[in-house]
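One file, coords.cif, carrying mmCIF, C-alpha atoms:
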data_target
loop_
_atom_site.label_atom_id
_atom_site.label_comp_id
_atom_site.auth_asym_id
_atom_site.auth_seq_id
_atom_site.Cartn_x
_atom_site.Cartn_y
_atom_site.Cartn_z
CA MET G 1 107.37 61.46 58.22
CA PRO G 2 107.92 57.82 59.12
CA LYS G 3 111.06 55.78 58.77
CA THR G 4 111.58 53.80 55.58
CA LEU G 5 108.68 51.56 54.67
CA PRO G 6 109.19 47.88 53.85
CA LYS G 7 109.05 46.74 50.22
CA GLU G 8 105.86 44.92 51.10
CA TYR G 9 104.08 48.24 51.63
CA TYR G 10 104.63 49.16 48.00
CA SER G 11 103.87 45.75 46.52
CA MET G 12 100.66 45.27 48.53
CA LEU G 13 99.56 48.83 47.79
CA GLU G 14 100.21 48.37 44.08
CA GLU G 15 97.94 45.32 44.04
CA ILE G 16 95.17 47.43 45.55
CA GLN G 17 95.86 50.24 43.09
CA ALA G 18 95.71 47.78 40.18
CA ILE G 19 92.37 46.33 41.23
CA ASP G 20 90.98 49.80 41.90
CA PHE G 21 92.04 50.83 38.43
CA ALA G 22 90.07 47.97 36.90
CA ILE G 23 87.08 48.94 39.07
CA THR G 24 87.32 52.60 37.94
CA GLU G 25 87.49 51.54 34.29
CA LEU G 26 84.42 49.29 34.65
CA ASN G 27 82.62 52.04 36.54
CA LEU G 28 83.13 54.59 33.75
CA TYR G 29 82.29 51.99 31.10
CA LEU G 30 79.05 51.08 32.89
CA ASP G 31 78.14 54.78 33.12
CA THR G 32 77.75 54.75 29.33
CA HIS G 33 76.85 51.03 28.93
CA PRO G 34 74.51 50.41 31.88
CA GLU G 35 72.89 47.32 30.29
CA ASP G 36 76.12 45.32 30.08
CA GLN G 37 75.57 42.54 32.64
CA ASP G 38 78.97 40.93 32.01
CA ALA G 39 80.77 44.15 32.88
CA TYR G 40 78.62 44.55 35.97
CA LYS G 41 79.46 41.01 37.04
CA GLN G 42 83.17 41.76 36.61
CA LEU G 43 82.77 44.88 38.72
CA THR G 44 81.13 43.04 41.60
CA GLU G 45 83.74 40.27 41.47
CA LEU G 46 86.59 42.77 41.58
CA SER G 47 84.96 44.64 44.47
CA GLU G 48 84.91 41.39 46.45
CA GLU G 49 88.51 40.76 45.46
CA LYS G 50 89.47 44.26 46.66
CA LYS G 51 88.09 43.59 50.14
CA LYS G 52 90.39 40.57 50.41
CA LEU G 53 93.43 42.67 49.47
CA LEU G 54 92.50 45.57 51.78
CA LYS G 55 92.31 43.57 54.98
CA PRO G 56 95.94 42.39 55.27
CA PHE G 57 97.26 45.75 54.04
CA GLU G 58 95.25 47.74 56.57
CA GLN G 59 96.24 45.38 59.39
CA LYS G 60 99.91 45.95 58.59
CA PHE G 61 99.99 49.59 57.54
CA GLY G 62 96.84 51.24 58.83
CA SER G 63 93.46 52.19 57.42
CA ILE G 64 93.04 53.42 53.85
CA ARG G 65 89.66 54.93 54.75
CA ALA G 66 88.67 56.69 57.95
CA ASP G 67 85.96 54.08 58.50
CA GLY G 68 88.41 51.22 57.93
CA ILE G 69 88.40 48.33 60.36
CA ASP G 70 91.43 48.26 62.63
CA ASP G 71 92.17 47.52 66.29
CA HIS G 72 93.17 51.13 66.98
CA TRP G 73 93.08 54.55 65.28
CA THR G 74 95.61 54.58 62.44
CA TRP G 75 93.83 56.77 59.91
CA SER G 76 95.31 60.19 60.66
CA LYS G 77 98.84 58.91 61.15
CA ALA G 78 101.54 59.31 58.48
CA PRO G 79 102.52 58.30 55.91
CA TRP G 80 100.25 60.18 53.54
CA PRO G 81 100.24 59.24 49.85
CA TRP G 82 102.66 61.96 48.73
CA GLN G 83 105.14 61.02 51.46
CA VAL G 84 105.84 57.48 50.28
CA MET U 1 79.69 63.74 49.55
CA TRP U 2 83.08 62.24 48.99
CA VAL U 3 85.15 59.65 50.83
CA TYR U 4 88.93 59.90 50.82
CA GLU U 5 91.18 56.91 50.24
CA LYS U 6 94.68 57.25 51.60
CA LYS U 7 96.49 56.21 48.44
CA LEU U 8 97.29 57.62 45.01
CA GLN U 9 95.38 56.33 41.99
CA TYR U 10 98.70 55.25 40.44
CA PRO U 11 102.17 55.24 42.04
CA VAL U 12 104.24 58.43 41.73
CA LYS U 13 108.00 58.04 41.80
CA VAL U 14 110.60 60.62 40.87
CA SER U 15 114.25 59.88 40.02
CA SER U 16 115.75 63.04 41.51
CA CYS U 17 115.08 66.51 42.88
CA ASN U 18 114.13 68.54 39.80
CA PRO U 19 112.37 71.88 40.43
CA GLN U 20 112.49 72.74 36.72
CA LEU U 21 110.20 69.79 35.97
CA ALA U 22 107.99 70.77 38.89
CA LYS U 23 107.55 74.19 37.30
CA PHE U 24 106.29 72.56 34.08
CA LEU U 25 103.93 70.26 35.99
CA VAL U 26 102.22 73.21 37.67
CA GLU U 27 100.50 73.73 34.30
CA GLN U 28 98.44 70.60 35.03
CA TYR U 29 97.80 71.70 38.62
CA GLY U 30 96.27 75.16 38.22
CA GLY U 31 96.47 75.79 34.47
CA ALA U 32 93.62 76.26 31.98
CA ASP U 33 93.57 72.61 30.90
CA GLY U 34 94.78 71.21 34.22
CA GLU U 35 93.23 68.75 36.63
CA LEU U 36 91.66 71.34 38.96
CA ALA U 37 89.86 72.96 36.03
CA ALA U 38 88.71 69.53 34.85
CA ALA U 39 87.33 68.44 38.22
CA LEU U 40 85.49 71.72 38.83
CA ARG U 41 84.13 71.85 35.27
CA TYR U 42 82.57 68.38 35.26
CA LEU U 43 81.22 68.39 38.80
CA ASN U 44 79.57 71.77 38.22
CA GLN U 45 78.00 70.67 34.92
CA ARG U 46 76.34 67.67 36.61
CA TYR U 47 73.39 69.68 37.88
CA THR U 48 72.00 70.63 34.48
CA ILE U 49 73.03 67.71 32.27
CA PRO U 50 70.39 65.02 31.41
CA ASP U 51 70.17 62.15 33.91
CA LYS U 52 71.62 59.65 31.45
CA VAL U 53 75.09 61.21 31.65
CA VAL U 54 75.14 62.64 35.21
CA GLY U 55 76.91 59.52 36.49
CA LEU U 56 79.68 59.88 33.94
CA LEU U 57 80.33 63.55 34.77
CA ASN U 58 80.21 62.72 38.47
CA ASP U 59 82.68 59.86 38.23
CA ILE U 60 85.13 61.47 35.80
CA GLY U 61 85.02 64.67 37.90
CA THR U 62 85.86 62.61 40.95
CA GLU U 63 88.74 60.86 39.16
CA GLU U 64 90.16 64.27 38.22
CA PHE U 65 90.69 65.00 41.92
CA ALA U 66 92.74 61.80 42.13
CA HIS U 67 94.80 63.11 39.20
CA LEU U 68 95.18 66.50 40.90
CA GLU U 69 96.57 64.68 43.92
CA MET U 70 99.05 62.77 41.72
CA ILE U 71 100.27 66.03 40.16
CA ALA U 72 100.61 67.56 43.64
CA ALA U 73 102.61 64.52 44.79
CA MET U 74 104.91 64.93 41.77
CA ILE U 75 105.49 68.64 42.40
CA TYR U 76 106.03 68.02 46.12
CA LYS U 77 108.53 65.22 45.52
CA LEU U 78 110.43 67.12 42.84
CA THR U 79 110.89 70.21 45.04
CA LYS U 80 110.98 69.05 48.68
CA ASP U 81 114.78 68.78 48.84
CA ALA U 82 115.56 71.82 46.69
CA THR U 83 117.51 74.75 48.14
CA PRO U 84 116.27 78.31 47.53
CA ASP U 85 119.16 78.64 45.10
CA GLN U 86 118.05 75.60 43.11
CA LEU U 87 114.51 76.98 43.01
CA LYS U 88 115.89 80.27 41.70
CA GLN U 89 117.86 78.42 39.01
CA ALA U 90 114.64 76.69 37.94
CA GLY U 91 112.78 79.98 37.57
CA LEU U 92 110.79 79.48 40.79
CA ALA U 93 112.14 82.53 42.69
CA ASP U 94 108.87 84.46 42.23
CA HIS U 95 106.94 81.47 43.48
CA TYR U 96 109.26 81.05 46.48
CA VAL U 97 109.00 84.65 47.70
CA ASN U 98 105.21 84.45 47.66
CA HIS U 99 104.55 80.84 48.70
CA GLY U 100 107.75 79.42 50.19
CA GLU U 101 107.71 75.68 49.63
CA ALA U 102 103.92 75.51 49.43
CA LEU U 103 102.05 74.50 46.30
CA PHE U 104 99.79 77.07 44.65
CA TYR U 105 97.07 76.82 42.02
CA SER U 106 98.63 78.61 39.08
CA ASN U 107 99.83 77.69 35.62
CA ALA U 108 103.49 77.11 34.70
CA ALA U 109 103.92 80.85 34.09
CA GLU U 110 102.65 81.66 37.64
CA VAL U 111 99.25 83.00 36.50
CA PRO U 112 96.80 82.14 39.32
CA PHE U 113 93.92 79.75 38.62
CA THR U 114 90.71 81.43 37.49
CA ALA U 115 87.14 80.17 36.99
CA THR U 116 87.22 81.81 33.55
CA TYR U 117 89.11 78.71 32.36
CA ILE U 118 85.91 76.71 32.59
CA GLN U 119 82.43 77.10 31.17
CA ALA U 120 78.97 75.84 32.05
CA LYS U 121 76.64 76.60 29.18
CA GLY U 122 73.56 74.74 30.38
CA ASP U 123 73.38 73.16 26.92
CA PRO U 124 74.29 69.46 27.13
CA ILE U 125 75.93 69.17 23.72
CA ALA U 126 77.89 72.42 24.15
CA ASP U 127 79.06 71.32 27.59
CA LEU U 128 80.10 67.84 26.48
CA TYR U 129 82.00 69.18 23.47
CA GLU U 130 83.90 71.48 25.84
CA ASP U 131 84.66 68.44 28.00
CA ILE U 132 85.98 66.44 25.03
CA ALA U 133 88.16 69.40 24.03
CA ALA U 134 89.41 69.76 27.61
CA GLU U 135 90.50 66.12 27.70
CA GLU U 136 92.29 66.41 24.35
CA LYS U 137 94.08 69.60 25.46
CA ALA U 138 95.15 67.96 28.71
CA ARG U 139 96.39 64.93 26.76
CA ALA U 140 98.48 67.21 24.54
CA THR U 141 99.89 69.04 27.60
CA TYR U 142 100.95 65.72 29.14
CA GLN U 143 102.69 64.85 25.90
CA TRP U 144 104.58 68.16 25.87
CA ILE U 145 105.65 67.68 29.49
CA ILE U 146 106.83 64.12 28.76
CA ASP U 147 108.82 65.52 25.81
CA MET U 148 110.53 67.98 28.18
CA SER U 149 111.25 65.38 30.88
CA ASP U 150 114.11 62.89 31.15
CA ASP U 151 112.87 61.46 34.46
CA VAL U 152 112.02 57.85 33.62
CA ASP U 153 110.05 57.21 36.82
CA LEU U 154 108.03 60.39 36.52
CA ASN U 155 107.29 59.75 32.85
CA ASP U 156 105.71 56.41 33.74
CA SER U 157 103.15 58.20 35.92
CA LEU U 158 102.68 60.94 33.31
CA ARG U 159 101.97 58.34 30.65
CA PHE U 160 99.28 56.87 32.90
CA LEU U 161 97.65 60.30 33.20
CA ARG U 162 97.94 60.89 29.45
CA GLU U 163 96.09 57.61 28.81
CA ARG U 164 93.32 58.59 31.23
CA GLU U 165 92.68 61.73 29.17
CA ILE U 166 92.13 59.50 26.12
CA VAL U 167 89.70 57.23 27.99
CA HIS U 168 87.76 60.20 29.37
CA SER U 169 87.56 61.80 25.94
CA GLN U 170 86.16 58.56 24.51
CA ARG U 171 83.58 58.26 27.29
CA PHE U 172 82.46 61.85 26.74
CA ARG U 173 82.09 61.11 23.00
CA GLU U 174 79.84 58.19 23.92
CA ALA U 175 77.82 60.51 26.16
CA VAL U 176 77.23 62.82 23.17
CA GLU U 177 75.94 59.84 21.16
CA ILE U 178 73.65 58.78 24.03
CA LEU U 179 72.11 62.26 24.14
CA LYS U 180 71.73 62.47 20.35
CA GLU U 181 69.98 59.09 20.34
CA GLU U 182 67.62 60.23 23.06
CA ARG U 183 66.87 63.44 21.20
CA ASP U 184 66.11 61.56 17.99
CA ARG U 185 63.85 59.13 19.84
CA LYS U 186 61.84 62.04 21.23
CA LYS U 187 61.28 63.34 17.69
CA VAL U 188 59.84 60.00 16.55
CA PHE U 189 57.17 59.71 19.23
#
Exercise: express the given structure as structure tokens:
Amino acid sequence: MPKTLPKEYYSMLEEIQAIDFAITELNLYLDTHPEDQDAYKQLTELSEEKKKLLKPFEQKFGSIRADGIDDHWTWSKAPWPWQV
Amino acid sequence: MWVYEKKLQYPVKVSSCNPQLAKFLVEQYGGADGELAAALRYLNQRYTIPDKVVGLLNDIGTEEFAHLEMIAAMIYKLTKDATPDQLKQAGLADHYVNHGEALFYSNAAEVPFTATYIQAKGDPIADLYEDIAAEEKARATYQWIIDMSDDVDLNDSLRFLREREIVHSQRFREAVEILKEERDRKKVF
């Protein structure tokens, strides 16, 4: 387990979690309302927004996904979600 | 296939080491109306449900694994600093002698998880009504755990999970309406 993480880790991660939550909600809504173009537009906008939030977080704290873009392998290194 | 994201769906914080609360939370880990049962139930029903609602079962089933991971994180955090004596005080002695500090898929009373908790009837309406009931039962369980807990941080995460049960229940109700509409349309033509 790593040493204490900076406050930034939590605040940046929470922004990603918040946007992912909105994406999940739109995803489930679109599963039962597939014709709603406005909701679909919101989903695509938020997905673009998410990419912008992911980049600086992953550069600082390592990849969130195994195929994440980084300059070296950070994926399998701690901390894991239950350790923070 | 699935792709893992190295983060929880919603933050999990606990105020203090509290193995008693962890014991209650195990109900949502490997209990009849818990997150494991939910995930396995929906993902298994996907194969025989009409196309119009496969996506919903797929995506809610996937979200249930994220909830299972949140529950695991809660149990882990509430017990990781507990001494064997504290575990004994919390009624976890039987768990400790069998599993040490590991998590195990059982309900709060230590009964191991069983596939008999879940059904796949191959009848879309019967399956979806079971799913709606499962969400409502899980929502009630979250409420009972919140009632038993005085951990403010933990309760915030539990309230998030309780709300997700409500959303899932509503989506499943919509799925029932979609299938009824389709059935009625077929009768007309």
If the PyMOL selection byres ((chain U) within 6 of (chain G)) is run on the structure shown, which residues does it catch, given as a PDB file with C-alpha atoms, in the frame of the given file?
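File produced: result.pdb:
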ATOM      1  CA  GLU U   5      91.180  56.910  50.240  1.00  0.00           C
ATOM      2  CA  LYS U   6      94.680  57.250  51.600  1.00  0.00           C
ATOM      3  CA  LYS U   7      96.490  56.210  48.440  1.00  0.00           C
ATOM      4  CA  LEU U   8      97.290  57.620  45.010  1.00  0.00           C
ATOM      5  CA  GLY U  55      76.910  59.520  36.490  1.00  0.00           C
ATOM      6  CA  LEU U  56      79.680  59.880  33.940  1.00  0.00           C
ATOM      7  CA  ALA U  73     102.610  64.520  44.790  1.00  0.00           C
TER       8      ALA U  73
END
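Put simply, CA of Ile132 in chain U is 20.8 Å away from CA of Ile71 in chain U.
The smallest atom-to-atom distance between Tyr9 in chain G and any of G:Lys41, G:Phe57, G:Trp73, G:Ser47, using only C-alpha atoms, is found for G:Phe57.
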Show me, as a list in words, the residues that have an atom within 12 Å of Ile19 in chain G when counting all atoms listed in the file, minus same-chain residues fewer than 5 positions from it.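 These residues fall inside the cut-off: Met12, Leu13, Glu14, Thr24, Glu25, Leu26, Gln42, Leu43, Thr44, Glu45, Leu46, Ser47, Glu48, Glu49, Lys50, Lys51, Lys52, Leu53 and Leu54 of chain G; Gln9 and Tyr10 of chain U.
Interatomic distance, CA of Tyr29 in chain U to CA of Tyr42 in chain U: 15.9 Å.
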Residues near Arg183 in chain U, cut-off 12 Å, all atoms listed in the file, skip fewer than 6 positions along chain, as JSON, numbers by chain: {"U": [50, 52, 124, 125, 176, 177, 189]}
Extract, using all atoms listed in the file, all DNA, RNA and protein residues at most 7 Å from Leu154 in chain U, discarding same-chain residues fewer than 3 positions from it, and format them as a list of chain:residue names. U:Val12, U:Lys13, U:Val14, U:Asp151, U:Ser157, U:Leu158
Provide the CA of Glu58 in chain G to CA of Asp70 in chain G distance in Å, to one decimal place. 7.2 Å
U:Ile75, U:Tyr4, U:Ala39, U:Val26: which is nearest Ala109 in chain U, counting all atoms listed in the file?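 Among the listed residues, U:Val26 lies closest to Ala109 in chain U.
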What lies within 8 Å of Asn18 in chain U using all atoms listed in the file, ignoring chain neighbours under 6 positions off, as an mmCIF file with C-alpha atoms, keeping the file's coordinate frame?
data_model
loop_
_atom_site.group_PDB
_atom_site.id
_atom_site.type_symbol
_atom_site.label_atom_id
_atom_site.label_comp_id
_atom_site.auth_asym_id
_atom_site.auth_seq_id
_atom_site.Cartn_x
_atom_site.Cartn_y
_atom_site.Cartn_z
ATOM 1 C CA LEU U 78 110.430 67.120 42.840
ATOM 2 C CA THR U 79 110.890 70.210 45.040
ATOM 3 C CA ALA U 82 115.560 71.820 46.690
#
What do you get, as a PyMOL selection string, if you spell out every residue that the PyMOL selection byres ((chain U and resi 24) around 9) selects here? chain U and resi 19-23+25-28+107-109+145+148
